[in-house]
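J.: Following this line is start27.cif, made up of mmCIF, C-alpha atoms:
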```cif
data_upload
#
loop_
_atom_site.label_atom_id
_atom_site.label_comp_id
_atom_site.auth_asym_id
_atom_site.auth_seq_id
_atom_site.Cartn_x
_atom_site.Cartn_y
_atom_site.Cartn_z
CA LYS A 4 19.02 21.63 38.11
CA ILE A 5 22.54 22.92 37.41
CA ASN A 6 24.46 24.52 40.29
CA LEU A 7 26.00 27.62 38.68
CA ILE A 8 28.29 28.29 41.64
CA ASP A 9 29.92 24.89 41.17
CA GLN A 10 30.35 25.70 37.48
CA GLN A 11 31.65 29.28 37.98
CA PHE A 12 35.29 28.44 37.23
CA TYR A 13 34.41 26.69 33.95
CA LEU A 14 32.06 29.51 32.93
CA GLN A 15 34.77 32.12 33.66
CA GLN A 16 37.09 30.31 31.23
CA GLN A 17 34.58 31.02 28.44
CA MET A 18 34.56 34.80 28.99
CA TYR A 19 36.50 37.22 26.75
CA GLY A 20 39.19 39.67 27.90
CA SER A 21 38.85 41.01 31.43
CA THR A 22 35.22 40.03 31.89
CA VAL A 23 34.74 38.64 35.40
CA ILE A 24 31.80 36.72 36.80
CA LYS A 25 31.16 38.17 40.26
CA GLY A 26 28.03 36.23 41.06
CA PHE A 27 24.71 34.90 39.93
CA LYS A 28 21.24 36.32 40.38
CA GLN A 29 20.01 32.74 40.81
CA PRO A 30 22.44 30.05 41.93
CA PHE A 31 20.60 27.28 40.05
CA LEU A 32 19.64 26.92 36.39
CA THR A 33 16.67 24.67 35.68
CA VAL A 34 16.86 22.78 32.37
CA ASN A 35 14.01 20.69 31.02
CA TYR A 36 15.13 17.80 28.86
CA TYR A 37 13.85 14.46 27.64
CA SER A 38 15.30 11.49 25.85
CA LEU A 39 14.59 10.99 22.16
CA SER A 40 13.95 7.85 20.17
CA GLN A 41 13.69 7.12 16.47
CA LYS A 42 11.31 5.04 14.38
CA LYS A 43 11.00 4.14 10.71
CA VAL A 44 7.48 4.72 9.36
CA PRO A 45 5.91 4.41 5.89
CA ILE A 46 4.78 7.31 3.71
CA LEU A 47 1.07 7.85 3.06
CA VAL A 48 0.48 9.79 -0.16
CA ASN A 49 -2.57 12.05 0.06
CA THR A 50 -3.97 12.08 -3.48
CA SER A 51 -7.06 12.97 -5.45
CA LEU A 52 -6.61 11.43 -8.90
CA ASP A 53 -9.09 11.62 -11.75
CA PHE A 54 -8.50 9.64 -14.95
CA ARG A 55 -9.68 10.01 -18.51
CA PRO A 56 -12.23 7.33 -19.47
CA GLY A 57 -10.47 3.99 -19.98
CA TYR A 58 -7.26 4.97 -18.12
CA LEU A 59 -6.10 3.52 -14.80
CA LEU A 60 -2.99 3.13 -12.65
CA ASP A 61 -0.95 0.05 -13.57
CA PHE A 62 0.37 -0.33 -10.02
CA PRO A 63 -0.01 1.40 -6.65
CA LEU A 64 1.82 4.74 -6.47
CA LYS A 65 5.54 4.45 -5.80
CA THR A 66 7.24 6.77 -3.31
CA THR A 67 10.99 7.32 -3.05
CA PRO A 68 11.86 6.82 -0.29
CA ASP A 69 8.91 4.65 0.75
CA SER A 70 9.61 5.23 4.46
CA ILE A 71 11.51 7.72 6.61
CA THR A 72 13.13 7.84 10.03
CA VAL A 73 11.33 10.06 12.55
CA ILE A 74 12.96 11.36 15.74
CA GLY A 75 10.80 12.21 18.75
CA THR A 76 9.84 11.10 22.21
CA LYS A 77 8.89 7.47 22.78
CA GLU A 78 5.33 8.52 23.61
CA GLN A 79 4.99 10.38 20.29
CA LEU A 80 6.48 7.57 18.23
CA ASP A 81 4.35 4.86 19.84
CA THR A 82 1.22 6.37 18.27
CA LEU A 83 2.80 7.33 14.92
CA LYS A 84 1.81 4.85 12.20
CA PHE A 85 2.75 6.82 9.05
CA VAL A 86 3.74 10.25 7.75
CA VAL A 87 1.43 12.05 5.30
CA THR A 88 2.37 14.08 2.23
CA GLU A 89 0.79 17.33 1.14
CA LYS A 90 -2.27 16.76 -1.07
CA PHE A 91 -1.61 15.91 -4.70
CA GLU A 92 -4.46 16.54 -7.14
CA LYS A 93 -4.49 15.63 -10.81
CA LYS A 94 -7.35 15.55 -13.30
CA GLU A 95 -7.82 13.90 -16.70
CA LEU A 96 -4.83 11.60 -16.20
CA SER A 97 -3.79 9.63 -19.28
CA GLU A 98 -0.01 9.36 -18.98
CA ASN A 99 2.73 8.52 -16.51
CA PHE A 100 3.63 11.17 -13.93
CA LYS A 101 6.36 12.02 -11.43
CA THR A 102 6.26 14.74 -8.80
CA ALA A 103 7.96 15.86 -5.57
CA LEU A 104 5.72 16.24 -2.52
CA ASN A 105 6.45 17.84 0.85
CA LEU A 106 5.88 15.83 4.00
CA LEU A 107 3.51 17.47 6.47
CA PRO A 108 5.42 18.46 9.64
CA TYR A 109 4.60 16.95 13.01
CA GLU A 110 5.03 19.07 16.12
CA GLU A 111 8.26 18.40 18.01
CA MET A 112 9.35 15.65 15.60
CA GLU A 113 12.21 15.61 13.11
CA PHE A 114 12.37 13.75 9.76
CA ASP A 115 15.44 12.57 7.89
CA TYR A 116 13.63 13.52 4.63
CA LEU A 117 11.36 16.51 4.06
CA LYS A 118 10.20 15.53 0.55
CA VAL A 119 9.45 12.35 -1.37
CA ILE A 120 9.23 11.59 -5.09
CA VAL A 121 5.91 10.06 -6.17
CA THR A 122 5.61 8.24 -9.50
CA GLY A 123 2.61 6.69 -11.19
CA SER A 124 2.33 4.45 -14.24
CA VAL A 125 -0.86 5.01 -16.26
CA SER A 126 -2.21 2.95 -19.18
CA ASN A 127 -5.30 2.62 -21.36
CA TYR A 128 -7.50 -0.27 -20.19
CA SER A 129 -10.42 -2.15 -21.66
CA GLU A 130 -12.46 -5.32 -21.07
CA LYS A 131 -12.75 -8.60 -22.94
CA GLN A 132 -15.09 -11.52 -22.28
CA PHE A 133 -14.64 -15.25 -22.72
CA GLU A 134 -17.00 -18.16 -22.18
CA LEU A 135 -15.03 -20.99 -20.61
CA PRO A 136 -15.83 -24.64 -19.90
CA VAL A 137 -15.42 -25.58 -16.24
CA LYS A 138 -12.82 -28.24 -15.50
CA VAL A 139 -13.61 -30.77 -12.74
CA ASN A 140 -10.66 -31.78 -10.56
CA ASN A 141 -10.36 -34.79 -8.23
CA LEU A 142 -13.22 -36.70 -9.83
CA SER A 143 -12.92 -40.46 -9.26
CA PRO A 144 -12.66 -42.58 -12.43
CA ASN A 145 -16.00 -44.28 -11.74
CA THR A 146 -17.94 -41.05 -11.19
CA GLN A 147 -19.56 -38.89 -13.83
CA ILE A 148 -21.18 -35.54 -13.15
CA LYS A 149 -23.02 -32.92 -15.14
CA LEU A 150 -22.51 -29.23 -14.36
CA PHE A 151 -25.21 -26.55 -14.52
CA PRO A 152 -24.09 -24.43 -16.26
CA SER A 153 -21.18 -26.23 -17.90
CA LYS A 154 -19.67 -22.92 -19.10
CA VAL A 155 -19.00 -19.70 -17.19
CA LYS A 156 -18.58 -16.15 -18.51
CA LEU A 157 -15.21 -14.62 -17.57
CA THR A 158 -14.42 -10.90 -17.94
CA VAL A 159 -10.88 -9.54 -18.11
CA LEU A 160 -9.73 -5.96 -17.48
CA ALA A 161 -6.24 -5.37 -18.87
CA ARG A 162 -4.03 -2.89 -20.67
CA LEU A 163 -5.18 -2.43 -24.24
CA GLU A 164 -1.98 -3.78 -25.78
CA GLN A 165 -2.09 -6.87 -23.55
CA LEU A 166 -5.81 -7.40 -24.11
CA GLN A 167 -5.32 -7.73 -27.84
CA GLN A 168 -2.99 -10.70 -27.29
CA LEU A 169 -5.19 -12.64 -24.85
CA LYS A 170 -6.80 -15.91 -25.93
CA LYS A 171 -9.44 -18.16 -24.42
CA SER A 172 -6.79 -20.83 -23.82
CA ASP A 173 -4.88 -18.44 -21.52
CA PHE A 174 -7.50 -18.97 -18.80
CA GLU A 175 -8.95 -21.90 -16.92
CA LEU A 176 -11.87 -22.15 -14.49
CA SER A 177 -12.28 -25.25 -12.36
CA VAL A 178 -14.11 -26.87 -9.46
CA ASN A 179 -12.71 -29.28 -6.90
CA PHE A 180 -15.03 -32.26 -6.51
CA ALA A 181 -13.12 -33.39 -3.43
CA LEU A 182 -14.53 -30.36 -1.57
CA LYS A 183 -18.18 -31.25 -2.21
CA LYS A 184 -20.47 -31.41 0.78
CA ASP A 185 -23.21 -33.99 1.13
CA THR A 186 -25.74 -31.37 2.16
CA PHE A 187 -25.12 -29.17 -0.91
CA THR A 188 -25.30 -29.76 -4.63
CA SER A 189 -23.10 -26.85 -5.69
CA LEU A 190 -19.37 -26.33 -6.18
CA THR A 191 -17.23 -23.16 -6.00
CA VAL A 192 -15.70 -22.05 -9.29
CA ILE A 193 -12.09 -20.90 -9.00
CA LEU A 194 -9.63 -19.34 -11.42
CA SER A 195 -6.91 -21.97 -11.86
CA LYS A 196 -4.98 -20.43 -14.76
CA ALA A 197 -4.40 -16.86 -15.95
CA PRO A 198 -1.57 -14.74 -17.41
CA LYS A 199 0.35 -12.30 -15.22
CA GLY A 200 -0.11 -8.55 -15.35
CA ILE A 201 -3.90 -8.45 -15.69
CA LYS A 202 -5.60 -5.68 -13.71
CA LYS A 203 -8.79 -7.54 -12.80
CA ILE A 204 -10.54 -10.83 -13.58
CA TYR A 205 -14.06 -11.72 -12.53
CA TRP A 206 -16.51 -14.42 -13.51
CA ASN A 207 -20.12 -15.32 -13.03
CA PRO A 208 -21.58 -17.49 -11.59
CA LYS A 209 -19.19 -18.25 -8.72
CA GLN A 210 -21.19 -21.31 -7.71
CA ILE A 211 -22.50 -23.99 -10.10
CA GLU A 212 -24.84 -26.89 -9.52
CA TYR A 213 -23.91 -30.46 -10.29
CA LEU A 214 -25.72 -33.73 -10.83
CA ILE A 215 -24.07 -37.11 -10.32
CA ARG A 216 -24.83 -39.46 -13.18
CA LYS A 217 -25.68 -43.01 -12.19
#
```
Could you render the structure as structure tokens?

T.:
Amino acid sequence: KINLIDQQFYLQQQMYGSTVIKGFKQPFLTVNYYSLSQKKVPILVNTSLDFRPGYLLDFPLKTTPDSITVIGTKEQLDTLKFVVTEKFEKKELSENFKTALNLLPYEEMEFDYLKVIVTGSVSNYSEKQFELPVKVNNLSPNTQIKLFPSKVKLTVLARLEQLQQLKKSDFELSVNFALKKDTFTSLTVILSKAPKGIKKIYWNPKQIEYLIRK
């Protein structure tokens, strides 16, 4: 509460001309206030994207800025994990895009940015398959094994221009014989070599049987 009688002299100084404060209807003024805090939170882009056949995003969407500072009460900020944009819908995407999106307001909170710039890189993708021999690592010199199967089919999803340059020798699948378990006769196939920038790589089977030759 603010005691207006105690403040009368200072209030009188703010009056114009001959205006005189003779009294107050209520001697106290009640003011509700609360302390504010600030927190930096990431941006969540609300999108509905539809691509032409064979087209995909090269990378996750980029937002500028990627986070903002929010001002509010501590209780509000404790539960705030991110700030959401307005919905962005795009159909038949086949090229790069850039757009400005509004941030959805939150009651009794202030943002240092009201909009963000969202950019997306889009390319034409296709698949290519290779049949690769499986390399055996950590096999002792006196041990020989036979793998079943000895070759594994590997499928690559990449940008069309990159896919045309890929060769079988760019990839390697292997098993680690040191990780074998006495109760099992199978080994896990891992990808031990691959070029950068490929969207997705998968292979089958992921487990192969082995037989130790005497």

J.: Can you tell me which residues surround segment 70-75 of chain A at a distance of at most 12 Å, considering all atoms listed in the file, apart from same-chain residues fewer than 3 positions away, and format the answer as an MDAnalysis selection string?

T.: chainID A and resid 37:48 65:67 78:88 106 108:120

J.: Given the choices A:Ile204, A:Ile215, A:Ile5, A:Val155, which gets closest to Thr191 of chain A if the distance is worked out from all atoms listed in the file?

T.: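 Of A:Ile204, A:Ile215, A:Ile5, A:Val155, the one nearest Thr191 of chain A is A:Val155, counting all atoms listed in the file.
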
J.: Can you work out the spacing between atom CA of Phe62 of chain A and atom CA of Lys90 of chain A in Å, to one decimal?

T.: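 Going from atom CA of Phe62 of chain A over to atom CA of Lys90 of chain A, I get 19.5 Å.
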
J.: I'd like the neighbourhood of Ala161 of chain A as a PyMOL selection string, where a residue qualifies if any of its atoms comes within 7 Å (using all atoms listed in the file), though same-chain residues fewer than 5 positions away should be ignored.

T.: chain A and resi 128-130+166+201-203

J.: Output, as JSON, the centre and edge lengths in Å (one decimal) of the axis-aligned box that contains all listed atoms of segment 86-100 of chain A with 5 Å of margin on each side.

T.:
```
{"center_x": -2.0, "center_y": 12.9, "center_z": -5.8, "size_x": 21.6, "size_y": 18.8, "size_z": 37.0}
```

J.: Measuring between all atoms listed in the file, which one of A:Thr50, A:Leu14, A:Gln167, A:Asn6 shows the shortest distance to Thr33 of chain A?

T.: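 Selected residue with least distance to Thr33 of chain A: A:Asn6.
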
J.: Take atom CA of Lys209 of chain A and atom CA of Asp185 of chain A and report the distance between them in Å, one decimal.

T.: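 The value is 19.0 Å.
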
J.: If you measure from atom CA of Asn105 of chain A to atom CA of Thr122 of chain A, what distance in Å do you get, rounded to one decimal?

T.: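 A separation of 14.1 Å between them.
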
J.: Write out as a PyMOL selection string the residues lying within 9 Å of Glu92 of chain A, counting all atoms listed in the file and excluding same-chain residues fewer than 6 positions away.

T.: chain A and resi 49-53

J.: I'd like to know which of A:Gln11, A:Leu107, A:Leu214, A:Met18 is closest to Lys149 of chain A, using all atoms listed in the file.

T.: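 Closest to Lys149 of chain A, using all atoms listed in the file: A:Leu214.
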
J.: To verify the selection step, state as number ranges by chain which residues the PyMOL selection byres ((chain A and resi 182) around 12) yields on this input.

T.: A: 139-142, 178-181, 183-192

J.: Pick out the closest residue to Phe151 of chain A from this set: A:Asp61, A:Asp9, A:Glu212, A:Glu134. Count all atoms listed in the file.

T.: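 Among the listed residues, the smallest separation from Phe151 of chain A belongs to A:Glu212.
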
J.: May I have the protein, DNA and RNA residues with any atom at most 10 Å from the point (-15.8, -23.3, -13.2), counting only C-alpha atoms, written as a VMD selection string?

T.: chain A and resid 135 to 139 150 152 to 157 175 to 179 190 to 195 206 to 211
